[in-house]
Each structure stands twice: as C-alpha cells, then as structure tokens.
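Novice: Structure file upload-v7.cif (mmCIF, N, CA and C atoms) right here:
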```cif
data_query
#
loop_
_atom_site.group_PDB
_atom_site.id
_atom_site.type_symbol
_atom_site.label_atom_id
_atom_site.label_comp_id
_atom_site.auth_asym_id
_atom_site.auth_seq_id
_atom_site.Cartn_x
_atom_site.Cartn_y
_atom_site.Cartn_z
ATOM 1 N N MET A 1 -16.956 3.116 -26.903
ATOM 2 C CA MET A 1 -15.842 3.977 -26.593
ATOM 3 C C MET A 1 -15.180 3.465 -25.314
ATOM 4 N N LEU A 2 -13.858 3.589 -25.266
ATOM 5 C CA LEU A 2 -13.089 3.180 -24.097
ATOM 6 C C LEU A 2 -12.398 4.390 -23.490
ATOM 7 N N TRP A 3 -12.018 4.255 -22.226
ATOM 8 C CA TRP A 3 -11.418 5.355 -21.477
ATOM 9 C C TRP A 3 -10.207 4.847 -20.719
ATOM 10 N N ARG A 4 -9.239 5.742 -20.432
ATOM 11 C CA ARG A 4 -8.108 5.391 -19.592
ATOM 12 C C ARG A 4 -7.548 6.628 -18.911
ATOM 13 N N VAL A 5 -6.810 6.392 -17.839
ATOM 14 C CA VAL A 5 -6.121 7.465 -17.130
ATOM 15 C C VAL A 5 -4.750 7.638 -17.757
ATOM 16 N N VAL A 6 -4.401 8.876 -18.038
ATOM 17 C CA VAL A 6 -3.066 9.219 -18.526
ATOM 18 C C VAL A 6 -2.456 10.141 -17.478
ATOM 19 N N PHE A 7 -1.274 9.804 -17.039
ATOM 20 C CA PHE A 7 -0.642 10.614 -16.004
ATOM 21 C C PHE A 7 0.854 10.629 -16.204
ATOM 22 N N GLY A 8 1.485 11.574 -15.581
ATOM 23 C CA GLY A 8 2.927 11.709 -15.710
ATOM 24 C C GLY A 8 3.357 13.081 -15.267
ATOM 25 N N GLN A 9 4.573 13.428 -15.610
ATOM 26 C CA GLN A 9 5.115 14.712 -15.209
ATOM 27 C C GLN A 9 4.437 15.834 -15.973
ATOM 28 N N ARG A 10 3.586 16.531 -15.283
ATOM 29 C CA ARG A 10 2.834 17.672 -15.834
ATOM 30 C C ARG A 10 1.861 17.309 -16.953
ATOM 31 N N VAL A 11 1.708 16.099 -17.321
ATOM 32 C CA VAL A 11 0.781 15.578 -18.327
ATOM 33 C C VAL A 11 0.916 16.248 -19.688
ATOM 34 N N ARG A 12 1.610 17.330 -19.788
ATOM 35 C CA ARG A 12 1.729 18.036 -21.067
ATOM 36 C C ARG A 12 3.003 17.661 -21.821
ATOM 37 N N GLU A 13 3.829 16.833 -21.243
ATOM 38 C CA GLU A 13 5.069 16.405 -21.899
ATOM 39 C C GLU A 13 4.876 14.991 -22.418
ATOM 40 N N PRO A 14 4.592 14.807 -23.700
ATOM 41 C CA PRO A 14 4.307 13.477 -24.249
ATOM 42 C C PRO A 14 5.372 12.435 -23.952
ATOM 43 N N ALA A 15 6.629 12.823 -23.860
ATOM 44 C CA ALA A 15 7.693 11.853 -23.595
ATOM 45 C C ALA A 15 7.603 11.292 -22.179
ATOM 46 N N ASN A 16 6.939 11.999 -21.289
ATOM 47 C CA ASN A 16 6.856 11.585 -19.891
ATOM 48 C C ASN A 16 5.495 11.003 -19.520
ATOM 49 N N LEU A 17 4.654 10.719 -20.490
ATOM 50 C CA LEU A 17 3.312 10.224 -20.200
ATOM 51 C C LEU A 17 3.303 8.731 -19.909
ATOM 52 N N TRP A 18 2.449 8.353 -19.010
ATOM 53 C CA TRP A 18 2.155 6.956 -18.724
ATOM 54 C C TRP A 18 0.656 6.807 -18.802
ATOM 55 N N ALA A 19 0.176 5.680 -19.282
ATOM 56 C CA ALA A 19 -1.268 5.476 -19.424
ATOM 57 C C ALA A 19 -1.672 4.139 -18.834
ATOM 58 N N GLY A 20 -2.833 4.142 -18.217
ATOM 59 C CA GLY A 20 -3.394 2.908 -17.694
ATOM 60 C C GLY A 20 -4.106 2.137 -18.792
ATOM 61 N N PRO A 21 -4.671 1.001 -18.444
ATOM 62 C CA PRO A 21 -5.377 0.188 -19.436
ATOM 63 C C PRO A 21 -6.706 0.832 -19.839
ATOM 64 N N TRP A 22 -7.180 0.483 -21.007
ATOM 65 C CA TRP A 22 -8.474 0.970 -21.487
ATOM 66 C C TRP A 22 -9.583 0.298 -20.689
ATOM 67 N N HIS A 23 -10.669 1.042 -20.449
ATOM 68 C CA HIS A 23 -11.806 0.522 -19.680
ATOM 69 C C HIS A 23 -13.093 1.068 -20.294
ATOM 70 N N PRO A 24 -14.175 0.277 -20.310
ATOM 71 C CA PRO A 24 -15.417 0.746 -20.931
ATOM 72 C C PRO A 24 -16.209 1.760 -20.105
ATOM 73 N N SER A 25 -15.940 1.875 -18.809
ATOM 74 C CA SER A 25 -16.713 2.770 -17.953
ATOM 75 C C SER A 25 -15.966 4.079 -17.709
ATOM 76 N N LYS A 26 -16.520 5.172 -18.237
ATOM 77 C CA LYS A 26 -15.910 6.485 -18.033
ATOM 78 C C LYS A 26 -15.927 6.860 -16.554
ATOM 79 N N ASP A 27 -17.027 6.566 -15.861
ATOM 80 C CA ASP A 27 -17.121 6.882 -14.433
ATOM 81 C C ASP A 27 -16.024 6.187 -13.637
ATOM 82 N N HIS A 28 -15.782 4.926 -13.945
ATOM 83 C CA HIS A 28 -14.745 4.158 -13.256
ATOM 84 C C HIS A 28 -13.369 4.797 -13.458
ATOM 85 N N VAL A 29 -13.066 5.163 -14.688
ATOM 86 C CA VAL A 29 -11.772 5.774 -15.011
ATOM 87 C C VAL A 29 -11.649 7.150 -14.369
ATOM 88 N N GLU A 30 -12.735 7.919 -14.346
ATOM 89 C CA GLU A 30 -12.699 9.235 -13.709
ATOM 90 C C GLU A 30 -12.438 9.118 -12.211
ATOM 91 N N ARG A 31 -12.987 8.073 -11.581
ATOM 92 C CA ARG A 31 -12.706 7.858 -10.155
ATOM 93 C C ARG A 31 -11.224 7.549 -9.935
ATOM 94 N N TRP A 32 -10.626 6.727 -10.813
ATOM 95 C CA TRP A 32 -9.200 6.437 -10.697
ATOM 96 C C TRP A 32 -8.376 7.703 -10.903
ATOM 97 N N ALA A 33 -8.743 8.510 -11.890
ATOM 98 C CA ALA A 33 -8.008 9.756 -12.142
ATOM 99 C C ALA A 33 -8.083 10.671 -10.919
ATOM 100 N N ALA A 34 -9.255 10.762 -10.306
ATOM 101 C CA ALA A 34 -9.411 11.583 -9.101
ATOM 102 C C ALA A 34 -8.544 11.047 -7.964
ATOM 103 N N TRP A 35 -8.457 9.726 -7.849
ATOM 104 C CA TRP A 35 -7.630 9.108 -6.808
ATOM 105 C C TRP A 35 -6.157 9.441 -7.028
ATOM 106 N N PHE A 36 -5.701 9.322 -8.281
ATOM 107 C CA PHE A 36 -4.311 9.667 -8.580
ATOM 108 C C PHE A 36 -4.041 11.135 -8.276
ATOM 109 N N ARG A 37 -5.002 12.019 -8.638
ATOM 110 C CA ARG A 37 -4.824 13.446 -8.347
ATOM 111 C C ARG A 37 -4.766 13.696 -6.842
ATOM 112 N N SER A 38 -5.550 12.940 -6.065
ATOM 113 C CA SER A 38 -5.525 13.112 -4.602
ATOM 114 C C SER A 38 -4.171 12.740 -4.017
ATOM 115 N N LEU A 39 -3.404 11.931 -4.745
ATOM 116 C CA LEU A 39 -2.059 11.551 -4.322
ATOM 117 C C LEU A 39 -0.995 12.510 -4.867
ATOM 118 N N GLY A 40 -1.443 13.561 -5.556
ATOM 119 C CA GLY A 40 -0.521 14.564 -6.075
ATOM 120 C C GLY A 40 -0.035 14.306 -7.494
ATOM 121 N N GLN A 41 -0.601 13.312 -8.166
ATOM 122 C CA GLN A 41 -0.210 13.018 -9.548
ATOM 123 C C GLN A 41 -0.986 13.907 -10.513
ATOM 124 N N ASP A 42 -0.378 14.237 -11.631
ATOM 125 C CA ASP A 42 -1.080 14.917 -12.713
ATOM 126 C C ASP A 42 -1.765 13.826 -13.527
ATOM 127 N N ALA A 43 -3.087 13.774 -13.473
ATOM 128 C CA ALA A 43 -3.829 12.701 -14.142
ATOM 129 C C ALA A 43 -5.014 13.275 -14.901
ATOM 130 N N LEU A 44 -5.184 12.806 -16.126
ATOM 131 C CA LEU A 44 -6.317 13.187 -16.968
ATOM 132 C C LEU A 44 -6.964 11.934 -17.520
ATOM 133 N N VAL A 45 -8.159 12.091 -18.074
ATOM 134 C CA VAL A 45 -8.890 10.988 -18.694
ATOM 135 C C VAL A 45 -8.803 11.140 -20.204
ATOM 136 N N GLN A 46 -8.490 10.050 -20.883
ATOM 137 C CA GLN A 46 -8.401 10.042 -22.342
ATOM 138 C C GLN A 46 -9.421 9.058 -22.887
ATOM 139 N N SER A 47 -10.101 9.437 -23.968
ATOM 140 C CA SER A 47 -11.036 8.523 -24.629
ATOM 141 C C SER A 47 -10.352 7.859 -25.809
ATOM 142 N N SER A 48 -10.869 6.722 -26.215
ATOM 143 C CA SER A 48 -10.278 5.993 -27.340
ATOM 144 C C SER A 48 -10.488 6.703 -28.669
ATOM 145 N N THR A 49 -11.389 7.673 -28.711
ATOM 146 C CA THR A 49 -11.603 8.418 -29.952
ATOM 147 C C THR A 49 -10.645 9.594 -30.080
ATOM 148 N N ASP A 50 -9.957 9.949 -28.984
ATOM 149 C CA ASP A 50 -8.938 11.000 -29.063
ATOM 150 C C ASP A 50 -7.775 10.485 -29.876
ATOM 151 N N THR A 51 -7.167 11.346 -30.632
ATOM 152 C CA THR A 51 -6.056 10.947 -31.496
ATOM 153 C C THR A 51 -4.745 10.827 -30.734
ATOM 154 N N GLY A 52 -4.760 11.164 -29.468
ATOM 155 C CA GLY A 52 -3.526 11.194 -28.701
ATOM 156 C C GLY A 52 -3.045 12.613 -28.507
ATOM 157 N N ALA A 53 -3.605 13.539 -29.280
ATOM 158 C CA ALA A 53 -3.206 14.934 -29.155
ATOM 159 C C ALA A 53 -4.049 15.675 -28.117
ATOM 160 N N MET A 54 -5.192 15.116 -27.760
ATOM 161 C CA MET A 54 -6.069 15.815 -26.823
ATOM 162 C C MET A 54 -6.433 14.905 -25.661
ATOM 163 N N LEU A 55 -6.398 15.440 -24.469
ATOM 164 C CA LEU A 55 -6.865 14.754 -23.275
ATOM 165 C C LEU A 55 -7.919 15.629 -22.629
ATOM 166 N N ARG A 56 -8.872 15.012 -21.985
ATOM 167 C CA ARG A 56 -9.952 15.777 -21.380
ATOM 168 C C ARG A 56 -10.059 15.500 -19.889
ATOM 169 N N GLU A 57 -10.316 16.554 -19.155
ATOM 170 C CA GLU A 57 -10.558 16.435 -17.731
ATOM 171 C C GLU A 57 -11.734 17.329 -17.391
ATOM 172 N N ARG A 58 -12.879 16.722 -17.107
ATOM 173 C CA ARG A 58 -14.085 17.460 -16.720
ATOM 174 C C ARG A 58 -14.393 18.604 -17.671
ATOM 175 N N GLY A 59 -14.401 18.316 -18.968
ATOM 176 C CA GLY A 59 -14.744 19.308 -19.963
ATOM 177 C C GLY A 59 -13.605 20.226 -20.373
ATOM 178 N N ARG A 60 -12.474 20.110 -19.721
ATOM 179 C CA ARG A 60 -11.315 20.933 -20.053
ATOM 180 C C ARG A 60 -10.380 20.119 -20.927
ATOM 181 N N SER A 61 -9.812 20.712 -21.929
ATOM 182 C CA SER A 61 -8.921 20.006 -22.833
ATOM 183 C C SER A 61 -7.496 20.485 -22.658
ATOM 184 N N ALA A 62 -6.573 19.572 -22.826
ATOM 185 C CA ALA A 62 -5.149 19.913 -22.805
ATOM 186 C C ALA A 62 -4.537 19.456 -24.119
ATOM 187 N N ASP A 63 -3.984 20.374 -24.854
ATOM 188 C CA ASP A 63 -3.379 20.021 -26.148
ATOM 189 C C ASP A 63 -1.969 19.523 -25.899
ATOM 190 N N LEU A 64 -1.703 18.267 -26.290
ATOM 191 C CA LEU A 64 -0.381 17.693 -26.104
ATOM 192 C C LEU A 64 0.473 17.785 -27.350
ATOM 193 N N GLY A 65 -0.134 18.133 -28.464
ATOM 194 C CA GLY A 65 0.597 18.078 -29.720
ATOM 195 C C GLY A 65 1.485 19.262 -29.976
ATOM 196 N N GLY A 66 0.904 20.394 -30.279
ATOM 197 C CA GLY A 66 1.704 21.541 -30.669
ATOM 198 C C GLY A 66 1.956 22.497 -29.536
ATOM 199 N N ARG A 67 3.198 22.785 -29.317
ATOM 200 C CA ARG A 67 3.552 23.768 -28.292
ATOM 201 C C ARG A 67 4.087 25.000 -28.941
#
```
Go ahead and render the structure in this file as structure tokens.

Specialist:
Amino acid sequence: MLWRVVFGQRVREPANLWAGPWHPSKDHVERWAAWFRSLGQDALVQSSTDTGAMLRERGRSADLGGR
C-alpha cells in the first residue's frame, strides 16, 4: 500500500485538491501532513486503496464524493 498527502482549499473541494507523490511509509507521509497543517494548510493522508472519494486523517474520514 502507498500513501500521499492531499491538500488544498478546505480539502473537501475536489476541484481544488493537490496531492503529493505516493510513498510506501505511512509514518513518513503523516509527518509531512502534520508539517503542512502546522503551516496552516488543510492536509490529509490518502492511501492507494482509497478510490479517491475518501481521505483519512487519524481515523477520521472525509467524504469528497457526494455533497
């Protein structure tokens, strides 16, 4: 499984999302997400098994698909 940071304006607007590169270490990606959040960015961690509709941050899910 691979992981990446997804960030952007409010993270819930798919048109405004930006994503970093995939990485095999979840811990590494979570540290980057925390760093981005410390700078005031909305950042979540996405796994490669997510369909793109769900992002996870510390056990919390954000549905990006249906509003």

Novice: Could you name the residues that touch A:Pro21 at 12 Å or less, counting only C-alpha atoms, but leaving out those on the same chain fewer than 3 positions away, as number ranges by chain?

Specialist: A: 2-7, 18, 24-25, 28-29, 32, 45-48

Novice: Box for stretch 35-47 of chain A - axis-aligned, 8 Å on each of the six sides, all listed atoms - centre and size in Å to one decimal, as JSON.

Specialist:
```
{"center_x": -5.5, "center_y": 11.4, "center_z": -14.9, "size_x": 27.0, "size_y": 23.1, "size_z": 37.8}
```

Novice: Do you have the atom CA of A:Thr49-atom CA of A:Ala19 distance handy?

Specialist: 15.0 Å

Novice: Just to confirm, what's the straight-line distance from atom CA of A:Gly20 to atom CA of A:Arg37 in Å (one decimal)?

Specialist: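 These two atoms are separated by 14.2 Å.
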
Novice: In Å, with one decimal, what is the gap from atom N of A:Asp27 to atom CA of A:Leu39?

Specialist: 19.5 Å
